[in-house]
Amino acid sequence: MIRLDVLAPGRLERDGEGKVISADSTCILIRTDNGLIVVDPSTNYMRPMIKDSLRRYGVMFGDVSAVVLTHAHADHIQNLSLFPKAAIYIHEGEDIEIEGAIVVKEEEMQLVPGVRLVHTPGHTEGSMSVFVDADRRFVIAGDAIPTESNYRKMYPPAVNCNAEAALQSIKKIKRYADVIIPGHGFPFMA
Ligand SMILES: [Zn+2]
């Protein structure tokens, strides 16, 4: 059985001109029979909320076996130190090197049964999403879909390295997902 929960819903605040003034990624816990996975450990600002949520679910930090980074932007990758025993996964093509991380090179890779890492480039070259077969088909999209509004308008992320690839990635996610968890904000129905 696979369960998926939001540990901290990320924010994305913009000023009047649309410039991002503060950002924290949404942080997710996936509980499977084959280990506990955290996706996007977000920012230091979110650290207390992530800790509280884990306690509420009865999860010890050391029990988390894998941390998946959808990409290497700073608002997604802090708090790695909370999970000392976890293997860290990141896709090839990101600018930053994360010490000790496993670099995924495939277009698609099964992490554990029911959980796949899928390359969804465009926001960054190495952006990847997590496709989860639970009671519904979930996609944890990272900034391939930064907000629900990007999805509703089929609008690629404002920050992108390749707008056309980003749009194709949104379509790839749309083909699979019942529920999408964007890079910032709460889950929504696809
Ligand atoms: Zn980003």
# chains A, B, ... in the order shown; residues from 1 in each chain; ligands from 1

$ residues_around --residues "segment 68-82 of chain A" --least-positions-apart "3" --cutoff "8 Å" --atoms "only C-alpha atoms" --output "MDAnalysis selection string"
chainID A and resid 23:26 37:44 47 61 88:91 94:96 124 126:130 141:143

$ select_by_dssp --residues "segment 17-181 of chain A" --states "helix (DSSP H, G or I)" --output "number ranges by chain"
A: 44-56, 61-63, 80-82, 148-152, 163-176

$ write_last_selection --atoms "N, CA, C and O atoms" --output "compact mmCIF listing (two decimals), in the first residue's frame"
# COMPACT_ATOMS: atom_id res chain seq x y z
N ASN A 44 14.48 26.28 4.80
CA ASN A 44 14.65 26.37 6.26
C ASN A 44 13.41 26.95 6.92
O ASN A 44 13.05 26.58 8.03
N TYR A 45 12.76 27.87 6.23
CA TYR A 45 11.53 28.47 6.77
C TYR A 45 10.49 27.39 7.05
O TYR A 45 9.75 27.48 8.03
N MET A 46 10.43 26.38 6.22
CA MET A 46 9.43 25.32 6.35
C MET A 46 9.85 24.20 7.30
O MET A 46 9.09 23.28 7.58
N ARG A 47 11.08 24.30 7.78
CA ARG A 47 11.64 23.21 8.59
C ARG A 47 10.76 22.85 9.80
O ARG A 47 10.47 21.66 10.01
N PRO A 48 10.31 23.83 10.59
CA PRO A 48 9.48 23.45 11.75
C PRO A 48 8.20 22.72 11.33
O PRO A 48 7.79 21.76 11.99
N MET A 49 7.59 23.16 10.23
CA MET A 49 6.34 22.52 9.79
C MET A 49 6.61 21.09 9.32
O MET A 49 5.83 20.17 9.60
N ILE A 50 7.72 20.90 8.60
CA ILE A 50 8.06 19.56 8.12
C ILE A 50 8.30 18.63 9.31
O ILE A 50 7.80 17.51 9.36
N LYS A 51 9.01 19.14 10.31
CA LYS A 51 9.28 18.33 11.50
C LYS A 51 7.99 17.96 12.22
O LYS A 51 7.78 16.80 12.60
N ASP A 52 7.10 18.94 12.39
CA ASP A 52 5.82 18.68 13.06
C ASP A 52 5.01 17.65 12.31
O ASP A 52 4.42 16.75 12.90
N SER A 53 4.96 17.80 10.99
CA SER A 53 4.16 16.87 10.19
C SER A 53 4.70 15.45 10.31
O SER A 53 3.95 14.49 10.46
N LEU A 54 6.03 15.31 10.25
CA LEU A 54 6.62 13.97 10.35
C LEU A 54 6.29 13.35 11.70
O LEU A 54 5.94 12.17 11.79
N ARG A 55 6.35 14.16 12.76
CA ARG A 55 6.01 13.65 14.09
C ARG A 55 4.57 13.17 14.13
O ARG A 55 4.25 12.14 14.68
N ARG A 56 3.70 13.96 13.48
CA ARG A 56 2.27 13.62 13.47
C ARG A 56 2.05 12.27 12.79
O ARG A 56 1.18 11.51 13.18
N PHE A 61 13.10 10.82 11.54
CA PHE A 61 13.90 11.35 10.42
C PHE A 61 14.79 10.26 9.82
O PHE A 61 14.93 10.14 8.62
N GLY A 62 15.37 9.45 10.72
CA GLY A 62 16.29 8.41 10.28
C GLY A 62 15.61 7.27 9.52
O GLY A 62 16.27 6.44 8.92
N ASP A 63 14.27 7.23 9.58
CA ASP A 63 13.53 6.18 8.87
C ASP A 63 13.31 6.49 7.40
O ASP A 63 12.89 5.63 6.63
N LEU A 80 18.05 18.91 3.75
CA LEU A 80 18.56 17.56 3.48
C LEU A 80 19.18 16.95 4.74
O LEU A 80 19.12 15.74 4.95
N SER A 81 19.69 17.85 5.59
CA SER A 81 20.36 17.37 6.80
C SER A 81 19.40 16.70 7.79
O SER A 81 19.83 16.01 8.71
N LEU A 82 18.09 16.90 7.60
CA LEU A 82 17.12 16.23 8.47
C LEU A 82 17.12 14.71 8.25
O LEU A 82 16.65 13.97 9.10
N GLU A 148 -0.99 25.66 -9.68
CA GLU A 148 -2.17 25.12 -10.35
C GLU A 148 -2.52 25.96 -11.58
O GLU A 148 -2.94 25.43 -12.61
N SER A 149 -2.31 27.26 -11.47
CA SER A 149 -2.67 28.14 -12.58
C SER A 149 -1.85 27.84 -13.85
O SER A 149 -2.37 27.92 -14.96
N ASN A 150 -0.59 27.44 -13.70
CA ASN A 150 0.18 27.02 -14.88
C ASN A 150 -0.51 25.86 -15.60
O ASN A 150 -0.56 25.81 -16.83
N TYR A 151 -1.06 24.96 -14.81
CA TYR A 151 -1.71 23.78 -15.39
C TYR A 151 -3.03 24.17 -16.06
O TYR A 151 -3.29 23.79 -17.19
N ARG A 152 -3.84 24.94 -15.35
CA ARG A 152 -5.16 25.31 -15.89
C ARG A 152 -5.01 26.08 -17.20
O ARG A 152 -5.80 25.92 -18.11
N ALA A 163 10.89 26.68 -23.10
CA ALA A 163 9.44 26.78 -22.90
C ALA A 163 8.69 25.65 -23.60
O ALA A 163 7.71 25.12 -23.07
N GLU A 164 9.16 25.25 -24.79
CA GLU A 164 8.46 24.19 -25.53
C GLU A 164 8.61 22.85 -24.80
O GLU A 164 7.61 22.12 -24.64
N ALA A 165 9.81 22.55 -24.34
CA ALA A 165 10.01 21.31 -23.57
C ALA A 165 9.16 21.35 -22.30
O ALA A 165 8.59 20.33 -21.89
N ALA A 166 9.06 22.53 -21.68
CA ALA A 166 8.28 22.67 -20.45
C ALA A 166 6.81 22.36 -20.71
O ALA A 166 6.14 21.70 -19.91
N LEU A 167 6.31 22.82 -21.84
CA LEU A 167 4.91 22.56 -22.20
C LEU A 167 4.68 21.08 -22.46
O LEU A 167 3.69 20.49 -22.03
N GLN A 168 5.64 20.45 -23.15
CA GLN A 168 5.54 19.00 -23.39
C GLN A 168 5.54 18.23 -22.07
O GLN A 168 4.83 17.23 -21.93
N SER A 169 6.30 18.71 -21.10
CA SER A 169 6.34 18.05 -19.79
C SER A 169 5.00 18.17 -19.08
O SER A 169 4.54 17.21 -18.46
N ILE A 170 4.37 19.33 -19.18
CA ILE A 170 3.04 19.50 -18.56
C ILE A 170 2.06 18.50 -19.20
O ILE A 170 1.27 17.85 -18.51
N LYS A 171 2.15 18.36 -20.52
CA LYS A 171 1.25 17.42 -21.22
C LYS A 171 1.51 15.97 -20.81
O LYS A 171 0.59 15.18 -20.66
N LYS A 172 2.77 15.64 -20.64
CA LYS A 172 3.15 14.29 -20.19
C LYS A 172 2.53 14.00 -18.82
O LYS A 172 2.01 12.90 -18.58
N ILE A 173 2.60 14.98 -17.92
CA ILE A 173 2.03 14.82 -16.58
C ILE A 173 0.51 14.69 -16.68
O ILE A 173 -0.10 13.84 -16.03
N LYS A 174 -0.10 15.51 -17.52
CA LYS A 174 -1.56 15.52 -17.68
C LYS A 174 -2.07 14.15 -18.15
O LYS A 174 -3.13 13.69 -17.71
N ARG A 175 -1.30 13.48 -19.01
CA ARG A 175 -1.73 12.18 -19.55
C ARG A 175 -1.84 11.12 -18.45
O ARG A 175 -2.61 10.19 -18.56
N TYR A 176 -1.05 11.25 -17.40
CA TYR A 176 -1.02 10.21 -16.36
C TYR A 176 -1.87 10.57 -15.13
O TYR A 176 -2.53 9.71 -14.55

$ select_by_dssp --residues "segment 2-156 of chain A" --states "strand (DSSP E)" --output "PyMOL selection string"
chain A and resi 3-8+12-14+20-23+27-32+35-39+64-68+87-91+102-104+108-112+115-119+128-133+137-142

$ atom_distance --atom1 "atom CA of Val59 of chain A" --atom2 "atom CA of Phe188 of chain A"
25.0 Å

$ closest_residue --among "A:Glu125, A:Asp33, A:Glu106, A:Asp133" --to "ligand 1" --atoms "only C-alpha atoms and all ligand atoms"
A:Glu125

$ atom_distance --atom1 "atom CA of Val118 of chain A" --atom2 "atom CA of Phe131 of chain A"
7.0 Å

$ closest_residue --among "A:Met189, A:Val20, A:Ala86, A:Ile102" --to "ligand 1" --atoms "only C-alpha atoms and all ligand atoms"
A:Val20

$ residues_around --residues "Asn34 of chain A" --least-positions-apart "6" --cutoff "10 Å" --atoms "only C-alpha atoms" --output "list in words"
Met1, Ile2, Ser65, Leu111, Val112, Pro113 and Gly114 of chain A

$ write_last_selection --atoms "C-alpha atoms" --output "mmCIF file, in the first residue's frame"
data_model
loop_
_atom_site.group_PDB
_atom_site.id
_atom_site.type_symbol
_atom_site.label_atom_id
_atom_site.label_comp_id
_atom_site.auth_asym_id
_atom_site.auth_seq_id
_atom_site.Cartn_x
_atom_site.Cartn_y
_atom_site.Cartn_z
ATOM 1 C CA MET A 1 0.000 0.000 0.000
ATOM 2 C CA ILE A 2 1.198 3.497 -0.842
ATOM 3 C CA SER A 65 15.159 5.968 3.067
ATOM 4 C CA LEU A 111 12.364 3.953 -7.364
ATOM 5 C CA VAL A 112 10.217 1.338 -5.578
ATOM 6 C CA PRO A 113 7.180 -0.526 -6.926
ATOM 7 C CA GLY A 114 4.480 2.068 -7.630
#

$ residues_around --residues "Arg3 of chain A" --least-positions-apart "5" --cutoff "8 Å" --atoms "only C-alpha atoms" --output "list in words"
Ile30, Arg31, Thr32, Ala134 and Asp135 of chain A

$ write_last_selection --atoms "C-alpha atoms" --output "compact mmCIF listing (two decimals), in the first residue's frame"
# COMPACT_ATOMS: atom_id res chain seq x y z
CA ILE A 30 5.34 8.95 0.36
CA ARG A 31 4.94 5.92 2.61
CA THR A 32 5.37 2.57 0.87
CA ALA A 134 -1.56 5.01 -4.90
CA ASP A 135 -5.36 5.09 -4.40

$ atom_distance --atom1 "atom CA of Ser22 of chain A" --atom2 "atom CA of Gly183 of chain A"
13.4 Å

$ closest_residue --among "A:Met154, A:Arg11, A:Ala66, A:Pro146" --to "ligand 1" --atoms "only C-alpha atoms and all ligand atoms"
A:Pro146

$ closest_residue --among "A:Gly58, A:Gly18, A:Pro187, A:Pro182" --to "ligand 1" --atoms "only C-alpha atoms and all ligand atoms"
A:Pro182

$ closest_residue --among "A:Ala190, A:Val179, A:Val104, A:Ile145" --to "ligand 1" --atoms "only C-alpha atoms and all ligand atoms"
A:Ile145
